[in-house]
Structures are given as C-alpha cells and as structure tokens.
$ cat work04.json   # JSON, C-alpha atoms
[["chain", "number", "residue", "atom", "x", "y", "z"],
["A", 1, "MET", "CA", 117.03, 88.12, 25.67],
["A", 2, "SER", "CA", 116.64, 84.47, 24.80],
["A", 3, "GLY", "CA", 119.06, 84.52, 21.89],
["A", 4, "ALA", "CA", 116.20, 83.80, 19.51],
["A", 5, "ALA", "CA", 117.99, 85.38, 16.57],
["A", 6, "HIS", "CA", 120.29, 82.37, 16.27],
["A", 7, "GLU", "CA", 117.60, 80.16, 14.73],
["A", 8, "SER", "CA", 114.68, 82.44, 13.94],
["A", 9, "SER", "CA", 113.13, 79.94, 11.52],
["A", 10, "ARG", "CA", 112.48, 77.55, 14.42],
["A", 11, "ILE", "CA", 110.75, 80.08, 16.65],
["A", 12, "PRO", "CA", 106.94, 80.01, 16.89],
["A", 13, "ASP", "CA", 104.87, 83.12, 16.31],
["A", 14, "PRO", "CA", 105.19, 85.11, 19.58],
["A", 15, "GLY", "CA", 101.44, 85.64, 19.53],
["A", 16, "SER", "CA", 100.75, 81.90, 19.62],
["A", 17, "ARG", "CA", 100.68, 79.63, 22.66],
["A", 18, "ILE", "CA", 103.12, 77.21, 21.08],
["A", 19, "PRO", "CA", 105.83, 76.81, 23.73],
["A", 20, "PHE", "CA", 109.29, 78.15, 23.02],
["A", 21, "SER", "CA", 110.59, 76.95, 26.38],
["A", 22, "ASP", "CA", 109.64, 74.39, 29.02],
["A", 23, "LEU", "CA", 111.06, 75.30, 32.41],
["A", 24, "HIS", "CA", 109.75, 72.36, 34.45],
["A", 25, "LEU", "CA", 111.28, 69.00, 33.50],
["A", 26, "HIS", "CA", 112.42, 65.97, 35.49],
["A", 27, "THR", "CA", 114.99, 63.21, 34.92],
["A", 28, "THR", "CA", 116.00, 59.97, 36.60],
["A", 29, "ALA", "CA", 118.07, 62.05, 39.03],
["A", 30, "SER", "CA", 114.82, 62.42, 40.98],
["A", 31, "ASP", "CA", 111.50, 60.82, 40.03],
["A", 32, "GLY", "CA", 111.57, 61.17, 36.24],
["A", 33, "LEU", "CA", 111.51, 58.15, 33.95],
["A", 34, "GLU", "CA", 114.02, 59.45, 31.39],
["A", 35, "THR", "CA", 117.77, 59.94, 31.63],
["A", 36, "PRO", "CA", 119.14, 63.38, 30.71],
["A", 37, "GLU", "CA", 119.96, 62.04, 27.25],
["A", 38, "GLU", "CA", 116.44, 60.70, 26.75],
["A", 39, "LEU", "CA", 114.88, 63.89, 28.09],
["A", 40, "VAL", "CA", 116.87, 66.13, 25.75],
["A", 41, "ARG", "CA", 115.88, 63.94, 22.81],
["A", 42, "SER", "CA", 112.22, 64.05, 23.84],
["A", 43, "ALA", "CA", 112.30, 67.84, 24.23],
["A", 44, "ARG", "CA", 113.96, 68.36, 20.86],
["A", 45, "ASP", "CA", 111.46, 66.02, 19.18],
["A", 46, "ALA", "CA", 108.63, 67.98, 20.81],
["A", 47, "GLY", "CA", 109.82, 71.17, 19.12],
["A", 48, "LEU", "CA", 111.16, 73.00, 22.15],
["A", 49, "LEU", "CA", 113.94, 75.57, 21.84],
["A", 50, "VAL", "CA", 114.86, 75.95, 25.53],
["A", 51, "ILE", "CA", 114.59, 73.49, 28.40],
["A", 52, "GLY", "CA", 114.87, 73.88, 32.15],
["A", 53, "VAL", "CA", 115.71, 70.74, 34.12],
["A", 54, "THR", "CA", 114.21, 70.95, 37.62],
["A", 55, "ASP", "CA", 114.68, 67.69, 39.48],
["A", 56, "HIS", "CA", 113.44, 67.49, 43.05],
["A", 57, "ASP", "CA", 115.99, 68.79, 45.55],
["A", 58, "THR", "CA", 119.00, 67.83, 43.43],
["A", 59, "LEU", "CA", 121.26, 69.30, 40.76],
["A", 60, "ASP", "CA", 122.86, 65.97, 39.86],
["A", 61, "ALA", "CA", 121.53, 65.90, 36.28],
["A", 62, "ILE", "CA", 122.43, 69.49, 35.44],
["A", 63, "PRO", "CA", 125.99, 69.05, 34.05],
["A", 64, "GLU", "CA", 125.05, 66.21, 31.71],
["A", 65, "ALA", "CA", 121.72, 67.70, 30.68],
["A", 66, "GLY", "CA", 123.32, 71.05, 29.92],
["A", 67, "ARG", "CA", 126.03, 69.46, 27.79],
["A", 68, "LEU", "CA", 123.56, 67.34, 25.86],
["A", 69, "ALA", "CA", 121.19, 70.27, 25.36],
["A", 70, "ALA", "CA", 124.00, 72.29, 23.81],
["A", 71, "GLN", "CA", 124.84, 69.42, 21.47],
["A", 72, "ALA", "CA", 121.19, 69.23, 20.44],
["A", 73, "GLY", "CA", 121.00, 72.96, 19.73],
["A", 74, "LEU", "CA", 118.77, 73.74, 22.70],
["A", 75, "GLY", "CA", 119.05, 76.59, 25.15],
["A", 76, "PHE", "CA", 119.41, 75.40, 28.73],
["A", 77, "VAL", "CA", 118.33, 76.79, 32.11],
["A", 78, "PRO", "CA", 119.81, 74.99, 35.13],
["A", 79, "GLY", "CA", 117.41, 74.57, 38.00],
["A", 80, "LEU", "CA", 115.68, 72.37, 40.53],
["A", 81, "GLU", "CA", 112.33, 71.99, 42.24],
["A", 82, "ILE", "CA", 112.66, 72.61, 45.97],
["A", 83, "THR", "CA", 110.14, 71.32, 48.46],
["A", 84, "ALA", "CA", 109.43, 73.85, 51.19],
["A", 85, "VAL", "CA", 107.03, 73.28, 54.06],
["A", 86, "TRP", "CA", 104.30, 75.55, 55.35],
["A", 87, "GLN", "CA", 101.84, 74.57, 58.08],
["A", 88, "GLY", "CA", 102.64, 70.89, 57.57],
["A", 89, "ALA", "CA", 102.07, 70.89, 53.81],
["A", 90, "ASP", "CA", 104.46, 70.86, 50.85],
["A", 91, "VAL", "CA", 104.95, 74.04, 48.84],
["A", 92, "HIS", "CA", 107.05, 73.55, 45.72],
["A", 93, "LEU", "CA", 109.33, 76.24, 44.40],
["A", 94, "LEU", "CA", 111.21, 76.22, 41.09],
["A", 95, "ALA", "CA", 114.71, 77.67, 41.38],
["A", 96, "HIS", "CA", 116.23, 78.65, 38.03],
["A", 97, "PHE", "CA", 119.70, 79.86, 37.03],
["A", 98, "VAL", "CA", 121.14, 78.24, 40.15],
["A", 99, "ASP", "CA", 124.83, 77.66, 40.78],
["A", 100, "ALA", "CA", 125.64, 74.14, 41.97],
["A", 101, "ARG", "CA", 128.89, 75.46, 43.45],
["A", 102, "ALA", "CA", 127.12, 77.81, 45.87],
["A", 103, "PRO", "CA", 128.08, 76.40, 49.31],
["A", 104, "ARG", "CA", 124.89, 77.39, 51.15],
["A", 105, "LEU", "CA", 122.69, 75.81, 48.49],
["A", 106, "ALA", "CA", 124.81, 72.65, 48.50],
["A", 107, "GLU", "CA", 124.47, 72.33, 52.29],
["A", 108, "PHE", "CA", 120.73, 72.98, 52.09],
["A", 109, "LEU", "CA", 120.28, 70.25, 49.46],
["A", 110, "ARG", "CA", 122.23, 67.76, 51.59],
["A", 111, "ASP", "CA", 119.79, 68.44, 54.40],
["A", 112, "GLN", "CA", 116.84, 68.07, 52.03],
["A", 113, "GLN", "CA", 118.08, 64.71, 50.78],
["A", 114, "SER", "CA", 118.72, 63.47, 54.31],
["A", 115, "ASP", "CA", 115.16, 64.37, 55.23],
["A", 116, "ARG", "CA", 113.90, 62.50, 52.17],
["A", 117, "LEU", "CA", 115.77, 59.35, 53.21],
["A", 118, "ASN", "CA", 114.38, 59.46, 56.74],
["A", 119, "ARG", "CA", 110.89, 60.11, 55.48],
["A", 120, "ALA", "CA", 111.04, 57.26, 52.94],
["A", 121, "ARG", "CA", 112.11, 54.81, 55.65],
["A", 122, "ARG", "CA", 109.30, 55.94, 57.94],
["A", 123, "MET", "CA", 106.76, 55.50, 55.12],
["A", 124, "GLY", "CA", 108.25, 52.08, 54.38],
["A", 125, "ALA", "CA", 107.70, 51.07, 58.01],
["A", 126, "LYS", "CA", 104.09, 52.22, 57.79],
["A", 127, "LEU", "CA", 103.52, 50.28, 54.56],
["A", 128, "ALA", "CA", 104.92, 47.14, 56.20],
["A", 129, "ALA", "CA", 102.60, 47.59, 59.18],
["A", 130, "LEU", "CA", 99.69, 47.92, 56.77],
["A", 131, "GLY", "CA", 100.54, 44.60, 55.12],
["A", 132, "VAL", "CA", 101.82, 46.08, 51.84],
["A", 133, "PRO", "CA", 105.61, 46.01, 52.32],
["A", 134, "VAL", "CA", 108.20, 47.26, 49.85],
["A", 135, "ASP", "CA", 111.97, 47.01, 50.05],
["A", 136, "VAL", "CA", 112.76, 50.65, 50.76],
["A", 137, "GLU", "CA", 116.51, 50.06, 50.93],
["A", 138, "ARG", "CA", 116.43, 48.52, 47.46],
["A", 139, "VAL", "CA", 114.54, 51.55, 46.15],
["A", 140, "ILE", "CA", 117.11, 53.85, 47.78],
["A", 141, "GLY", "CA", 119.92, 51.80, 46.24],
["A", 142, "GLN", "CA", 118.34, 52.06, 42.79],
["A", 143, "CYS", "CA", 118.49, 55.83, 43.08],
["A", 144, "GLN", "CA", 122.31, 55.50, 42.91],
["A", 145, "GLY", "CA", 122.81, 58.53, 45.11],
["A", 146, "GLY", "CA", 119.87, 60.37, 43.60],
["A", 147, "VAL", "CA", 116.77, 61.62, 45.36],
["A", 148, "ILE", "CA", 114.22, 59.26, 46.89],
["A", 149, "SER", "CA", 110.61, 60.36, 46.54],
["A", 150, "ARG", "CA", 107.06, 59.14, 47.04],
["A", 151, "PRO", "CA", 106.58, 58.31, 43.32],
["A", 152, "LEU", "CA", 109.50, 55.88, 43.55],
["A", 153, "LEU", "CA", 107.88, 54.17, 46.54],
["A", 154, "ALA", "CA", 104.61, 54.09, 44.61],
["A", 155, "ARG", "CA", 106.31, 52.40, 41.65],
["A", 156, "ALA", "CA", 107.77, 49.83, 44.04],
["A", 157, "MET", "CA", 104.26, 49.14, 45.31],
["A", 158, "VAL", "CA", 103.10, 48.54, 41.74],
["A", 159, "GLU", "CA", 106.04, 46.20, 41.09],
["A", 160, "ALA", "CA", 105.19, 44.28, 44.30],
["A", 161, "GLY", "CA", 101.62, 43.82, 43.10],
["A", 162, "HIS", "CA", 100.05, 45.78, 45.94],
["A", 163, "VAL", "CA", 98.34, 48.36, 43.70],
["A", 164, "PRO", "CA", 97.52, 48.53, 39.98],
["A", 165, "ASP", "CA", 99.23, 51.86, 39.32],
["A", 166, "VAL", "CA", 101.04, 54.80, 40.89],
["A", 167, "GLY", "CA", 97.85, 56.80, 41.25],
["A", 168, "ALA", "CA", 96.25, 54.03, 43.30],
["A", 169, "ALA", "CA", 99.30, 53.94, 45.58],
["A", 170, "PHE", "CA", 98.86, 57.62, 46.35],
["A", 171, "ASP", "CA", 95.09, 57.41, 46.68],
["A", 172, "ALA", "CA", 95.17, 54.51, 49.12],
["A", 173, "TYR", "CA", 98.49, 54.85, 50.98],
["A", 174, "LEU", "CA", 100.99, 57.60, 50.13],
["A", 175, "GLY", "CA", 98.87, 60.67, 49.48],
["A", 176, "GLU", "CA", 98.49, 63.41, 52.06],
["A", 177, "GLY", "CA", 96.23, 62.19, 54.85],
["A", 178, "GLN", "CA", 96.51, 58.51, 53.88],
["A", 179, "ALA", "CA", 97.67, 55.76, 56.21],
["A", 180, "ALA", "CA", 101.32, 55.60, 55.12],
["A", 181, "PHE", "CA", 101.83, 59.31, 54.58],
["A", 182, "VAL", "CA", 104.52, 61.04, 56.62],
["A", 183, "PRO", "CA", 104.49, 64.85, 56.71],
["A", 184, "ARG", "CA", 107.66, 66.54, 55.60],
["A", 185, "THR", "CA", 109.78, 68.83, 57.73],
["A", 186, "GLY", "CA", 111.93, 71.53, 56.25],
["A", 187, "ALA", "CA", 112.49, 75.16, 55.33],
["A", 188, "THR", "CA", 109.66, 77.60, 54.85],
["A", 189, "PRO", "CA", 108.90, 78.98, 51.36],
["A", 190, "ALA", "CA", 110.18, 82.40, 52.42],
["A", 191, "ALA", "CA", 113.48, 80.89, 53.60],
["A", 192, "VAL", "CA", 113.93, 79.07, 50.27],
["A", 193, "VAL", "CA", 113.25, 82.22, 48.26],
["A", 194, "SER", "CA", 115.78, 84.11, 50.36],
["A", 195, "LEU", "CA", 118.44, 81.37, 50.12],
["A", 196, "VAL", "CA", 118.19, 80.93, 46.36],
["A", 197, "GLY", "CA", 118.00, 84.65, 45.70],
["A", 198, "ALA", "CA", 121.09, 85.31, 47.81],
["A", 199, "ASP", "CA", 123.05, 82.99, 45.53],
["A", 200, "GLY", "CA", 121.77, 84.64, 42.34],
["A", 201, "GLY", "CA", 118.94, 82.24, 41.52],
["A", 202, "PHE", "CA", 115.46, 83.15, 40.34],
["A", 203, "VAL", "CA", 112.49, 81.53, 42.08],
["A", 204, "SER", "CA", 108.98, 80.72, 40.83],
["A", 205, "LEU", "CA", 106.10, 79.32, 42.84],
["A", 206, "ALA", "CA", 105.33, 75.97, 41.23],
["A", 207, "HIS", "CA", 101.79, 74.94, 40.19],
["A", 208, "PRO", "CA", 99.96, 77.24, 42.63],
["A", 209, "GLY", "CA", 96.64, 75.90, 41.35],
["A", 210, "VAL", "CA", 97.58, 72.58, 42.96],
["A", 211, "THR", "CA", 98.92, 73.79, 46.29],
["A", 212, "ARG", "CA", 96.24, 76.48, 46.67],
["A", 213, "ARG", "CA", 98.31, 78.68, 48.97],
["A", 214, "ASP", "CA", 97.68, 81.99, 47.24],
["A", 215, "ASP", "CA", 97.76, 83.61, 50.67],
["A", 216, "LEU", "CA", 101.54, 83.18, 50.63],
["A", 217, "LEU", "CA", 102.07, 85.07, 47.39],
["A", 218, "PRO", "CA", 102.11, 88.71, 48.58],
["A", 219, "ALA", "CA", 104.75, 88.08, 51.23],
["A", 220, "LEU", "CA", 106.81, 85.87, 48.93],
["A", 221, "ALA", "CA", 106.71, 88.51, 46.18],
["A", 222, "ALA", "CA", 107.84, 91.15, 48.67],
["A", 223, "GLY", "CA", 110.63, 88.79, 49.76],
["A", 224, "GLY", "CA", 112.08, 88.20, 46.32],
["A", 225, "LEU", "CA", 109.86, 85.69, 44.51],
["A", 226, "GLY", "CA", 110.55, 86.23, 40.82],
["A", 227, "ALA", "CA", 107.62, 84.56, 39.07],
["A", 228, "ILE", "CA", 104.50, 82.43, 39.31],
["A", 229, "GLU", "CA", 104.22, 79.21, 37.32],
["A", 230, "VAL", "CA", 101.06, 80.17, 35.44],
["A", 231, "TYR", "CA", 101.18, 77.50, 32.74],
["A", 232, "HIS", "CA", 101.06, 73.93, 34.09],
["A", 233, "PRO", "CA", 99.17, 70.76, 33.06],
["A", 234, "ASP", "CA", 97.06, 70.79, 36.23],
["A", 235, "HIS", "CA", 95.91, 74.38, 35.74],
["A", 236, "THR", "CA", 92.47, 75.07, 34.35],
["A", 237, "PRO", "CA", 91.79, 78.08, 32.10],
["A", 238, "ALA", "CA", 90.37, 79.80, 35.19],
["A", 239, "ASP", "CA", 93.61, 79.08, 37.07],
["A", 240, "ILE", "CA", 95.66, 80.54, 34.24],
["A", 241, "SER", "CA", 93.59, 83.72, 34.17],
["A", 242, "ARG", "CA", 93.78, 84.03, 37.94],
["A", 243, "TYR", "CA", 97.56, 83.66, 38.16],
["A", 244, "LEU", "CA", 98.22, 85.92, 35.18],
["A", 245, "ALA", "CA", 96.26, 88.59, 37.02],
["A", 246, "LEU", "CA", 98.03, 87.89, 40.32],
["A", 247, "ALA", "CA", 101.45, 88.06, 38.66],
["A", 248, "GLU", "CA", 100.59, 91.46, 37.21],
["A", 249, "THR", "CA", 99.19, 92.72, 40.51],
["A", 250, "LEU", "CA", 102.22, 91.57, 42.48],
["A", 251, "GLY", "CA", 104.72, 92.75, 39.89],
["A", 252, "VAL", "CA", 106.30, 89.34, 39.33],
["A", 253, "GLY", "CA", 106.96, 87.37, 36.16],
["A", 254, "VAL", "CA", 105.27, 84.41, 34.55],
["A", 255, "SER", "CA", 106.75, 80.93, 34.32],
["A", 256, "GLY", "CA", 105.48, 77.72, 32.80],
["A", 257, "GLY", "CA", 106.30, 74.14, 31.98],
["A", 258, "SER", "CA", 104.93, 70.67, 31.44],
["A", 259, "ASP", "CA", 106.18, 69.07, 34.70],
["A", 260, "TYR", "CA", 107.24, 66.24, 32.38],
["A", 261, "HIS", "CA", 108.43, 63.08, 34.13],
["A", 262, "GLY", "CA", 108.87, 60.93, 31.03],
["A", 263, "ALA", "CA", 106.84, 59.07, 28.43],
["A", 264, "GLY", "CA", 103.93, 57.29, 30.08],
["A", 265, "SER", "CA", 103.99, 59.51, 33.17],
["A", 266, "HIS", "CA", 101.07, 61.55, 34.48],
["A", 267, "HIS", "CA", 102.08, 64.77, 32.71],
["A", 268, "ALA", "CA", 103.60, 63.25, 29.56],
["A", 269, "GLY", "CA", 101.05, 64.92, 27.29],
["A", 270, "GLY", "CA", 102.20, 68.41, 28.20],
["A", 271, "LEU", "CA", 105.65, 68.21, 26.61],
["A", 272, "GLY", "CA", 105.77, 70.59, 23.67],
["A", 273, "ARG", "CA", 102.30, 71.91, 24.52],
["A", 274, "ILE", "CA", 102.72, 73.73, 27.84],
["A", 275, "GLY", "CA", 105.38, 76.31, 28.49],
["A", 276, "LEU", "CA", 106.36, 79.89, 27.69],
["A", 277, "THR", "CA", 106.19, 81.63, 24.33],
["A", 278, "ALA", "CA", 109.31, 83.34, 23.02],
["A", 279, "ALA", "CA", 108.09, 86.71, 24.26],
["A", 280, "GLU", "CA", 107.26, 85.34, 27.70],
["A", 281, "PHE", "CA", 110.62, 83.62, 27.96],
["A", 282, "ASP", "CA", 112.43, 86.82, 27.04],
["A", 283, "ASP", "CA", 110.56, 88.60, 29.84],
["A", 284, "PHE", "CA", 111.42, 85.78, 32.25],
["A", 285, "CYS", "CA", 115.13, 86.09, 31.41],
["A", 286, "SER", "CA", 115.01, 89.86, 31.65],
["A", 287, "ARG", "CA", 113.53, 89.69, 35.14],
["A", 288, "ALA", "CA", 116.16, 87.16, 36.15],
["A", 289, "GLY", "CA", 118.92, 89.30, 34.67],
["A", 290, "ARG", "CA", 120.14, 86.38, 32.56],
["A", 291, "SER", "CA", 120.62, 85.55, 28.90],
["A", 292, "VAL", "CA", 120.11, 82.13, 27.31],
["A", 293, "PRO", "CA", 121.54, 82.05, 23.78],
["A", 294, "LEU", "CA", 120.56, 79.16, 21.55],
["A", 295, "PRO", "CA", 123.61, 77.07, 20.64],
["A", 296, "VAL", "CA", 124.07, 75.89, 17.07],
["A", 297, "SER", "CA", 123.63, 72.11, 16.92],
["A", 298, "SER", "CA", 126.43, 70.08, 15.38]]

$ encode --input "work04.json" --output "structure tokens"
Amino acid sequence: MSGAAHESSRIPDPGSRIPFSDLHLHTTASDGLETPEELVRSARDAGLLVIGVTDHDTLDAIPEAGRLAAQAGLGFVPGLEITAVWQGADVHLLAHFVDARAPRLAEFLRDQQSDRLNRARRMGAKLAALGVPVDVERVIGQCQGGVISRPLLARAMVEAGHVPDVGAAFDAYLGEGQAAFVPRTGATPAAVVSLVGADGGFVSLAHPGVTRRDDLLPALAAGGLGAIEVYHPDHTPADISRYLALAETLGVGVSGGSDYHGAGSHHAGGLGRIGLTAAEFDDFCSRAGRSVPLPVSS
C-alpha cells in the first residue's frame, strides 16, 4: 500500500484523475533544469504526494532527492530512466525501486555513461563539420560528473546562437535521421528488464506512444516487465485507451508521470496533472512488492 492513511486529508478522490504520484521526473543530474531541491519544491507545490525521480542512466540525484522528499512530507520512489536499443532505435525503460548499491547495475550504468560521452563527442564533431560548432568538452564539464545527453547539446547550440530553441536543434541537427545524429549502441530492452529485475527493481516501458514499439510488449511482459507507462504528456486519449487495454491483456501494471524536466521545459505543464491516482499507485506498489509510506513533514 502507498501509506495513504498518514495524511488522508491530502489524498484526491480515488475516482478522479488528479495525480497522487508522479513516477517520471528529471533533475540536473541528467537533462532536467531543476536541482533535487527545486524539483521537490515544485512537486510539493503541484500537490503531489509521491514522486519518482528517474534521471537518464544515473542514480546520482537519488540520495539527496529522497532526503529532501522526506523532509517535505512526500513519499519517494528511487528510480532511473534507462535507454535500451532495439534495431538501432532508442527504447526507454523506467526502473523503479532500484538499489544503487547493486554491483551489476552500477557496472551497467558506468557503461551507459561511457557510451553517452563517446556519442556526444561524435555528435560534436558532426556539428563542427556542419558549421554549427559547440564546445562539447565544456558541456561535459558542466555536467560535473552527471550524464551528458542530446538536450544538453541542444541547449549549447541555442546558447551559441545556432538555433532559436532546443526543438529547432533537434529538428535540424540532433533528431533521429538528422545530419548530426549518432545512433546509440547498448543493451536490448529484454536485457535491461532482466538486469533490473534480478536486482529487485520494477520496470515500466516508458511513453510507448512515442517509441511505437508495441511489438516488443508481449515478449517483455513474459520476461518480467512490470508495467506500461500509460499516462504521459505525449499520449493522446486514444493512446491511453490502447495501453490500458494492452496492460490488462498482458497482465502487467499501469504507470504514469509527467516526464517533467523543469519549469519552462517541454513537459512542464504536466506536473501535478499527469500521473497515477492513489488507487493506481497502490496497485503499482503491490505489483512491485513494495510499500511507500508517506513521511510526516517537519
């Protein structure tokens, strides 16, 4: 159970779509715009009761975010968003209830981050050849040991005056199929599900309406996938209906979150609006075999 009885007056009507939890949030440890402290404050102000921090391929923000969430009276689910690769394309998986001390996961994440560094440098070389150079090493340095990602390169392109905004950087240069894009290499979705599950984590397929690889779902469900991220800012009502039905058919749970990257980011409007109801979150925890009590704020 979610531990909802601790502060029942703050819990929305279970029959409403007012989110109780948001299990897809990013910080400055990857490509988010807000520090863990700022994110926790934003989530609390948005009326959330439980948050799940899921930075890309890193757990660096988890200790601080968890401590601050407890101080703010929020339940906390440690996690990350892992980029798997299938047939040359990215497939994102949300790993929840992960243990940063698990040695196999730690080794896997080191490999993921090394791949990100190599890929960023290759994209930087392509941008330079295209006449729109950015200082990739400066961007890497600004990460302070965190994860380098395409959005960070895109922001550097905006700062350099090459493009008006991050979206234009992706549309013209960094998006899949564009001139500076470099395909990722890495583990398959099935391998990620197996790895995380072996260490006690619970895996959801992230924003399937974006990746459009529904063909992977039956095998992933049979291999231990725990849930499908049904509720996401990029999902249409038709997507939501489709993935609710698929989750039921496959016997997996339902996940959801705003994919919030900070105020002013692409998905900023979803915070406090997109996520799981109290009843859905209780089912999520039950399937994961975990409990998330709500702390009492000081």

$ atom_distance --input "work04.json" --atom1 "CA of Phe284 in chain A" --atom2 "CA of Leu74 in chain A"
17.0 Å

$ closest_residue --input "work04.json" --among "A:Val85, A:Ala65, A:Gly32, A:Val182" --to "Thr211 in chain A" --atoms "only C-alpha atoms"
A:Val85

$ atom_distance --input "work04.json" --atom1 "CA of Gly262 in chain A" --atom2 "CA of Asp234 in chain A"
16.2 Å

$ closest_residue --input "work04.json" --among "A:Ser42, A:Ser149, A:Thr35, A:Thr27" --to "Thr54 in chain A" --atoms "only C-alpha atoms"
A:Thr27

$ residues_around --input "work04.json" --residues "Ala128 in chain A" --least-positions-apart "4" --cutoff "12 Å" --atoms "all atoms listed in the file" --output "VMD selection string"
chain A and resid 121 to 124 132 to 136 157 162 173 179 to 180

$ write_last_selection --input "work04.json" --atoms "C-alpha atoms" --output "CSV table (one decimal), in the frame of the given file"
chain,number,residue,atom,x,y,z
A,121,ARG,CA,112.1,54.8,55.6
A,122,ARG,CA,109.3,55.9,57.9
A,123,MET,CA,106.8,55.5,55.1
A,124,GLY,CA,108.2,52.1,54.4
A,132,VAL,CA,101.8,46.1,51.8
A,133,PRO,CA,105.6,46.0,52.3
A,134,VAL,CA,108.2,47.3,49.8
A,135,ASP,CA,112.0,47.0,50.0
A,136,VAL,CA,112.8,50.6,50.8
A,157,MET,CA,104.3,49.1,45.3
A,162,HIS,CA,100.0,45.8,45.9
A,173,TYR,CA,98.5,54.8,51.0
A,179,ALA,CA,97.7,55.8,56.2
A,180,ALA,CA,101.3,55.6,55.1

$ closest_residue --input "work04.json" --among "A:Leu153, A:Ala263, A:Thr58, A:Thr83" --to "Arg41 in chain A" --atoms "only C-alpha atoms"
A:Ala263

$ atom_distance --input "work04.json" --atom1 "CA of Ala154 in chain A" --atom2 "CA of Asp239 in chain A"
28.3 Å

$ closest_residue --input "work04.json" --among "A:Arg184, A:Phe20, A:Arg67, A:Ala168" --to "Ala120 in chain A" --atoms "all atoms listed in the file"
A:Arg184

$ closest_residue --input "work04.json" --among "A:Leu246, A:Val77, A:Gly161, A:Ser265" --to "His96 in chain A" --atoms "all atoms listed in the file"
A:Val77

$ closest_residue --input "work04.json" --among "A:Arg150, A:Gly79, A:Ala247, A:Asp99" --to "Glu176 in chain A" --atoms "only C-alpha atoms"
A:Arg150

$ residues_around --input "work04.json" --residues "Arg116 in chain A" --least-positions-apart "2" --cutoff "8 Å" --atoms "all atoms listed in the file" --output "PyMOL selection string"
chain A and resi 112-114+118-120+147-149

$ write_last_selection --input "work04.json" --atoms "C-alpha atoms" --output "short mmCIF file (atom, residue, chain, number, x, y, z; two decimals), in the frame of the given file"
data_model
loop_
_atom_site.label_atom_id
_atom_site.label_comp_id
_atom_site.auth_asym_id
_atom_site.auth_seq_id
_atom_site.Cartn_x
_atom_site.Cartn_y
_atom_site.Cartn_z
CA GLN A 112 116.84 68.07 52.03
CA GLN A 113 118.08 64.71 50.78
CA SER A 114 118.72 63.47 54.31
CA ASN A 118 114.38 59.46 56.74
CA ARG A 119 110.89 60.11 55.48
CA ALA A 120 111.04 57.26 52.94
CA VAL A 147 116.77 61.62 45.36
CA ILE A 148 114.22 59.26 46.89
CA SER A 149 110.61 60.36 46.54
#

$ residues_around --input "work04.json" --residues "Gly269 in chain A" --least-positions-apart "4" --cutoff "10 Å" --atoms "all atoms listed in the file" --output "PyMOL selection string"
chain A and resi 233+258-260+262-265+273-274

$ residues_near_point --input "work04.json" --point "(106.6, 74.5, 31.8)" --cutoff "10 Å" --atoms "only C-alpha atoms" --output "ChimeraX atom specification"
/A:19-25,51-52,206-207,229-233,255-260,270-276

$ residues_around --input "work04.json" --residues "range 108-111 of chain A" --least-positions-apart "3" --cutoff "12 Å" --atoms "all atoms listed in the file" --output "count of residues only"
32

$ residues_around --input "work04.json" --residues "range 218-222 of chain A" --least-positions-apart "4" --cutoff "7 Å" --atoms "all atoms listed in the file" --output "JSON, numbers by chain"
{"A": [190, 226, 250, 252]}
